[in-house]
There are 2 protein chains.
Amino acid sequence: MRGKVYLVGAGPGDPELLTLRAMRVLQEAEVVLYDRLVAPAVLELANPLAQRVYAGKELGQQECVQSEIFRQLLFHARAGRKVVRLKGGDPMVYGRGGEEWAFLAGEGVEVEVVPGVSSALALPGLAGIPLTLRGVAGGFSVLSGHAQGGSLPELAPYARSDTLVILMGVKERVRIARELLRLGRSPQEPIAFIEKGSTPQERVVVATLGQVAAGELEVQSPAVWIIGQVVRLRERLHPASVLQEAQLKTLSIAETVR
Amino acid sequence: MRGKVYLVGAGPGDPELLTLRAMRVLQEAEVVLYDRLVAPAVLELANPLAQRVYAGKELGQQECVQSEIFRQLLFHARAGRKVVRLKGGDPMVYGRGGEEWAFLAGEGVEVEVVPGVSSALALPGLAGIPLTLRGVAGGFSVLSGHAQGGSLPELAPYARSDTLVILMGVKERVRIARELLRLGRSPQEPIAFIEKGSTPQERVVVATLGQVAAGELEVQSPAVWIIGQVVRLRERLHPASVLQEAQLKTLSIAETVR
């Protein structure tokens, strides 16, 4: 039997945001290699008999480097297993999905991509922030805020986008905000951070770019950062109602149990 | 009973790319208002008893204007019904999800967003084109190529992005390509159009930006257009294998029937 690797998007956190195909592939998996950004509730949906391999990188833990991930994927695929490589959001947006596919293709291993709901798009939407809005934002850009060797990613090509979505930008938020101001964005521009989006711990922080640059904002990682006038729409949309409904459901379950 | 409107993302076309929540909400729907870009196979998954209302806009047909969509959503919600507003891709990326939510919130109607897999991200990924790739593309931009009153959308703020994804740009592809060349992109830059992505009719056209500008490319709408060096990765990834597998499945079903 020939093994196969599925590059599967786990979505932003809420297990109900998995796709039907991701769910099917997870339930048929023999091995699941998962990242730090994959929610435990999603991992629980995998075939209970599947071998689970943690492939994340975390401070203070032994670093599981990319070459070790390559080695594991190849090992299990060559042993004829159905391998799910589970990544937060969509597997081909950051997270090195393209690199893993290229490596495996080069080794003759069959690969299939199972797209996921990207945190960059879905979390703003759920929070009442459309990335595009007629007359306000005609397009948007997504970029990483992760600094490599002390230097920020190049922001200039994206600084003029109507809407900016920055992933992995919590740690460098002050430097990024100052650089965006230098590149011409306004300190009055509204911004939002969505922490732990789509999970029960979700918290949305709304402020201005100037406040971020001044170091006035406490934000916890992981968070999606949105910059642009579209953030203003959130006030009009009462997204709190969705949360209230979820809380009511929890309450009624508790009452039923009693 | 209070009605409610669900703004639901139908994904790029393949029904298996619906989220679990979208599936649940569709099966509980009493009314489904759907767009032109929603695949028939997705619509078939809705509650068979649900009233189906076509809310698309097509040339040569009577235009169902946005105010009529607003009116229908409000009418059914006020009648206490569970209304699904089904949109291609993600409901808050283009498609006026933000506007519909704002309108309904202003009328006191409860709204819930159910994110979808965005065609802008998932279709390139499925076709072997990651939107980001270490050392090649650090970020990407998504914009609309739809001309309003004869004039193109403003491309300049996005023209320097490592990867560009243009939706609704088939009709104006020659003008857009010429404008991008004028703004400094190279005529040798690789591009891809993905027609009818994730459906059995999918077709991927790979060329250069210069060829598009010269009017050498035949492309059918709807298609997602990707511009950038990431397109080169596709050759290395053998995505044809996925298609072959799908064809084999169809064959084996046909043989079983015999």
# chains A, B, ... in the order shown; residues from 1 in each chain; ligands from 1
>>> residues_around(residues="segment 146-159 of chain A", least_positions_apart="3", cutoff="10 Å", atoms="only C-alpha atoms", output="compact mmCIF listing (two decimals) with N, CA and C atoms, in the first residue's frame")
# COMPACT_ATOMS: atom_id res chain seq x y z
N PHE A 140 -7.32 44.10 0.25
CA PHE A 140 -6.61 43.94 1.53
C PHE A 140 -5.31 43.18 1.31
N SER A 141 -4.42 43.34 2.28
CA SER A 141 -3.15 42.61 2.24
C SER A 141 -2.96 41.84 3.53
N VAL A 142 -2.32 40.69 3.39
CA VAL A 142 -2.01 39.84 4.54
C VAL A 142 -0.49 39.69 4.60
N LEU A 143 0.08 39.95 5.77
CA LEU A 143 1.52 39.76 5.90
C LEU A 143 1.89 39.28 7.28
N ASP A 162 -5.72 49.30 1.54
CA ASP A 162 -6.87 49.82 2.29
C ASP A 162 -6.96 49.13 3.65
N THR A 163 -6.93 47.80 3.62
CA THR A 163 -6.97 47.02 4.86
C THR A 163 -5.70 46.19 4.96
N LEU A 164 -5.11 46.17 6.15
CA LEU A 164 -3.92 45.36 6.40
C LEU A 164 -4.25 44.32 7.46
N VAL A 165 -3.89 43.08 7.21
CA VAL A 165 -4.04 42.03 8.22
C VAL A 165 -2.64 41.51 8.53
N ILE A 166 -2.24 41.59 9.79
CA ILE A 166 -0.90 41.14 10.16
C ILE A 166 -1.02 39.93 11.08
N LEU A 167 -0.41 38.85 10.66
CA LEU A 167 -0.37 37.63 11.47
C LEU A 167 0.99 37.59 12.19
N MET A 168 1.05 36.96 13.31
CA MET A 168 2.30 36.81 14.06
C MET A 168 2.97 38.16 14.34
N GLY A 169 2.17 39.17 14.62
CA GLY A 169 2.72 40.51 14.80
C GLY A 169 2.61 41.05 16.22
N VAL A 170 2.17 40.22 17.16
CA VAL A 170 1.94 40.72 18.53
C VAL A 170 3.24 41.21 19.16
N LYS A 171 4.27 40.39 19.07
CA LYS A 171 5.53 40.69 19.75
C LYS A 171 6.15 42.00 19.23
N GLU A 172 6.07 42.21 17.93
CA GLU A 172 6.73 43.38 17.32
C GLU A 172 5.74 44.51 17.03
N ARG A 173 4.58 44.51 17.74
CA ARG A 173 3.52 45.44 17.37
C ARG A 173 3.95 46.91 17.45
N ARG A 175 7.04 48.28 17.10
CA ARG A 175 7.94 48.61 15.97
C ARG A 175 7.18 48.64 14.65
N ILE A 176 6.26 47.66 14.47
CA ILE A 176 5.49 47.62 13.22
C ILE A 176 4.62 48.87 13.09
N GLU A 179 6.68 51.88 12.19
CA GLU A 179 7.11 51.81 10.80
C GLU A 179 5.95 52.17 9.86
N LEU A 180 4.74 51.70 10.19
CA LEU A 180 3.58 52.03 9.34
C LEU A 180 3.27 53.53 9.40
N LEU A 181 3.45 54.16 10.55
CA LEU A 181 3.26 55.61 10.65
C LEU A 181 4.30 56.33 9.80
N ARG A 182 5.55 55.85 9.88
CA ARG A 182 6.62 56.45 9.08
C ARG A 182 6.31 56.31 7.57
N LEU A 183 5.66 55.21 7.21
CA LEU A 183 5.33 54.96 5.80
C LEU A 183 4.05 55.69 5.37
N GLY A 184 3.47 56.46 6.28
CA GLY A 184 2.39 57.35 5.86
C GLY A 184 1.00 57.05 6.38
N ARG A 185 0.83 55.98 7.16
CA ARG A 185 -0.52 55.74 7.69
C ARG A 185 -0.77 56.70 8.85
N GLY B 138 6.65 37.02 1.10
CA GLY B 138 6.41 37.22 2.53
C GLY B 138 4.98 37.63 2.84
N GLY B 139 4.24 38.04 1.82
CA GLY B 139 2.85 38.47 2.03
C GLY B 139 2.11 38.45 0.71
N PHE B 140 0.83 38.73 0.77
CA PHE B 140 0.02 38.76 -0.46
C PHE B 140 -1.10 39.77 -0.33
N SER B 141 -1.63 40.18 -1.49
CA SER B 141 -2.77 41.09 -1.50
C SER B 141 -3.89 40.50 -2.33
N PRO B 157 -1.81 50.80 -4.87
CA PRO B 157 -1.44 50.43 -3.50
C PRO B 157 -1.07 48.96 -3.35
N TYR B 158 -1.40 48.15 -4.35
CA TYR B 158 -1.17 46.70 -4.24
C TYR B 158 -0.10 46.21 -5.22
N ALA B 159 0.34 47.08 -6.11
CA ALA B 159 1.17 46.64 -7.24
C ALA B 159 2.53 46.10 -6.81
N ARG B 160 2.98 46.43 -5.59
CA ARG B 160 4.31 45.98 -5.15
C ARG B 160 4.24 44.73 -4.26
N SER B 161 3.05 44.19 -4.02
CA SER B 161 2.93 42.98 -3.20
C SER B 161 3.69 41.83 -3.83
N ASP B 162 4.31 40.99 -2.99
CA ASP B 162 5.00 39.82 -3.53
C ASP B 162 4.05 38.98 -4.38
>>> interface_residues(of="chain A", to="chain B", cutoff="8 Å", atoms="only C-alpha atoms", output="NGL selection string")
:A and (16-21 or 90-94 or 96-99 or 101-102 or 105-106 or 110-118 or 121-122 or 125-126 or 128-134 or 138-144 or 153 or 157-162 or 233 or 236-239 or 241-242)
>>> select_by_dssp(residues="segment 151-241 of chain B", states="strand (DSSP E)", output="PyMOL selection string")
chain B and resi 163-167+190-195+203-208+223-227
>>> residues_around(residues="Leu26 of chain A", least_positions_apart="3", cutoff="9 Å", atoms="only C-alpha atoms", output="number ranges by chain")
A: 8, 21-23, 29-30, 32, 43, 45-47, 50, 84, 86
>>> atom_distance(atom1="atom CA of Tyr34 of chain B", atom2="atom CA of Pro222 of chain B")
16.5 Å
>>> residues_around(residues="Gly210 of chain B", least_positions_apart="3", cutoff="10 Å", atoms="only C-alpha atoms", output="list of chain:residue names")
B:Val174, B:Ala177, B:Arg178, B:Leu180, B:Leu181, B:Arg185, B:Ser186, B:Pro187, B:Gln188, B:Glu189, B:Pro190, B:Ile191, B:Ala207, B:Ala213, B:Ala214, B:Gly215, B:Glu216
>>> write_last_selection(atoms="all heavy atoms", output="compact mmCIF listing (two decimals), in the first residue's frame")
# COMPACT_ATOMS: atom_id res chain seq x y z
N VAL B 174 -6.67 42.35 -19.65
CA VAL B 174 -5.65 43.01 -20.48
C VAL B 174 -5.32 44.39 -19.91
O VAL B 174 -4.15 44.73 -19.72
CB VAL B 174 -6.12 43.10 -21.95
CG1 VAL B 174 -5.11 43.87 -22.79
CG2 VAL B 174 -6.33 41.70 -22.52
N ALA B 177 -3.40 43.97 -16.61
CA ALA B 177 -2.01 43.55 -16.81
C ALA B 177 -1.16 44.72 -17.31
O ALA B 177 -0.04 44.94 -16.84
CB ALA B 177 -1.95 42.39 -17.81
N ARG B 178 -1.70 45.51 -18.24
CA ARG B 178 -0.95 46.67 -18.75
C ARG B 178 -0.68 47.68 -17.64
O ARG B 178 0.41 48.24 -17.55
CB ARG B 178 -1.72 47.33 -19.90
CG ARG B 178 -1.67 46.47 -21.15
CD ARG B 178 -2.41 47.08 -22.33
NE ARG B 178 -2.35 46.15 -23.46
CZ ARG B 178 -3.12 46.22 -24.53
NH1 ARG B 178 -4.02 47.19 -24.65
NH2 ARG B 178 -3.00 45.34 -25.50
N LEU B 180 -0.44 47.03 -14.44
CA LEU B 180 0.55 46.47 -13.52
C LEU B 180 1.96 46.59 -14.11
O LEU B 180 2.92 46.85 -13.38
CB LEU B 180 0.22 45.01 -13.18
CG LEU B 180 -0.99 44.82 -12.27
CD1 LEU B 180 -1.33 43.34 -12.11
CD2 LEU B 180 -0.78 45.45 -10.89
N LEU B 181 2.09 46.42 -15.41
CA LEU B 181 3.40 46.61 -16.06
C LEU B 181 3.84 48.07 -15.92
O LEU B 181 4.99 48.36 -15.59
CB LEU B 181 3.34 46.20 -17.54
CG LEU B 181 3.10 44.71 -17.82
CD1 LEU B 181 3.05 44.45 -19.33
CD2 LEU B 181 4.18 43.84 -17.17
N ARG B 185 5.75 46.10 -12.52
CA ARG B 185 5.93 44.64 -12.49
C ARG B 185 6.54 44.18 -13.81
O ARG B 185 6.41 44.85 -14.84
CB ARG B 185 4.62 43.92 -12.18
CG ARG B 185 4.13 44.20 -10.76
CD ARG B 185 3.03 43.26 -10.32
NE ARG B 185 3.53 42.05 -9.70
CZ ARG B 185 3.53 41.80 -8.39
NH1 ARG B 185 3.04 42.68 -7.54
NH2 ARG B 185 4.01 40.68 -7.92
N SER B 186 7.16 43.01 -13.78
CA SER B 186 7.89 42.54 -14.96
C SER B 186 6.99 41.76 -15.91
O SER B 186 6.15 40.97 -15.47
CB SER B 186 9.04 41.65 -14.49
OG SER B 186 9.44 40.80 -15.55
N PRO B 187 7.15 41.94 -17.24
CA PRO B 187 6.37 41.14 -18.19
C PRO B 187 6.71 39.65 -18.14
O PRO B 187 5.90 38.82 -18.56
CB PRO B 187 6.75 41.74 -19.56
CG PRO B 187 7.98 42.54 -19.33
CD PRO B 187 8.00 42.95 -17.89
N GLN B 188 7.88 39.31 -17.56
CA GLN B 188 8.26 37.90 -17.44
C GLN B 188 7.65 37.23 -16.21
O GLN B 188 7.81 36.03 -16.01
CB GLN B 188 9.79 37.76 -17.34
CG GLN B 188 10.49 37.71 -18.70
CD GLN B 188 10.52 39.07 -19.35
OE1 GLN B 188 10.91 40.05 -18.73
NE2 GLN B 188 10.09 39.14 -20.60
N GLU B 189 6.99 38.02 -15.39
CA GLU B 189 6.47 37.46 -14.15
C GLU B 189 5.42 36.38 -14.42
O GLU B 189 4.52 36.57 -15.23
CB GLU B 189 5.84 38.58 -13.31
CG GLU B 189 5.53 38.12 -11.92
CD GLU B 189 5.33 39.28 -10.97
OE1 GLU B 189 4.92 40.36 -11.40
OE2 GLU B 189 5.57 39.08 -9.77
N PRO B 190 5.52 35.23 -13.73
CA PRO B 190 4.54 34.17 -13.98
C PRO B 190 3.17 34.50 -13.38
O PRO B 190 3.08 35.13 -12.32
CB PRO B 190 5.16 32.95 -13.28
CG PRO B 190 6.10 33.50 -12.27
CD PRO B 190 6.56 34.83 -12.76
N ILE B 191 2.15 34.07 -14.07
CA ILE B 191 0.77 34.26 -13.59
C ILE B 191 -0.01 32.96 -13.82
O ILE B 191 0.39 32.11 -14.63
CB ILE B 191 0.04 35.40 -14.32
CG1 ILE B 191 -0.16 35.05 -15.81
CG2 ILE B 191 0.78 36.72 -14.22
CD1 ILE B 191 -1.54 34.61 -16.15
N ALA B 207 0.88 31.39 -17.50
CA ALA B 207 1.49 32.20 -18.55
C ALA B 207 2.35 33.28 -17.89
O ALA B 207 2.74 33.13 -16.73
CB ALA B 207 0.39 32.82 -19.42
N ALA B 213 -1.00 40.94 -20.96
CA ALA B 213 -1.06 42.33 -21.45
C ALA B 213 -1.18 42.37 -22.97
O ALA B 213 -1.82 43.27 -23.53
CB ALA B 213 0.18 43.09 -21.00
N ALA B 214 -0.58 41.37 -23.63
CA ALA B 214 -0.63 41.33 -25.10
C ALA B 214 -1.94 40.73 -25.62
O ALA B 214 -2.12 40.56 -26.83
CB ALA B 214 0.56 40.53 -25.62
N GLY B 215 -2.84 40.38 -24.71
CA GLY B 215 -4.14 39.85 -25.13
C GLY B 215 -4.07 38.45 -25.68
O GLY B 215 -4.93 38.04 -26.46
N GLU B 216 -3.04 37.69 -25.28
CA GLU B 216 -2.84 36.36 -25.86
C GLU B 216 -3.59 35.24 -25.13
O GLU B 216 -3.51 34.09 -25.54
CB GLU B 216 -1.33 36.01 -25.84
CG GLU B 216 -0.50 36.88 -26.76
CD GLU B 216 1.00 36.64 -26.60
OE1 GLU B 216 1.37 35.65 -25.95
OE2 GLU B 216 1.77 37.46 -27.11
>>> residues_around(residues="Lys196 of chain B", least_positions_apart="3", cutoff="7 Å", atoms="only C-alpha atoms", output="list of chain:residue names")
B:Thr199, B:Gln201, B:Glu202, B:Arg203, B:Pro222, B:Ala223
>>> atom_distance(atom1="atom CA of Pro48 of chain B", atom2="atom CA of Gln66 of chain B")
25.9 Å
>>> atom_distance(atom1="atom CA of Ala55 of chain B", atom2="atom CA of Arg36 of chain B")
7.4 Å
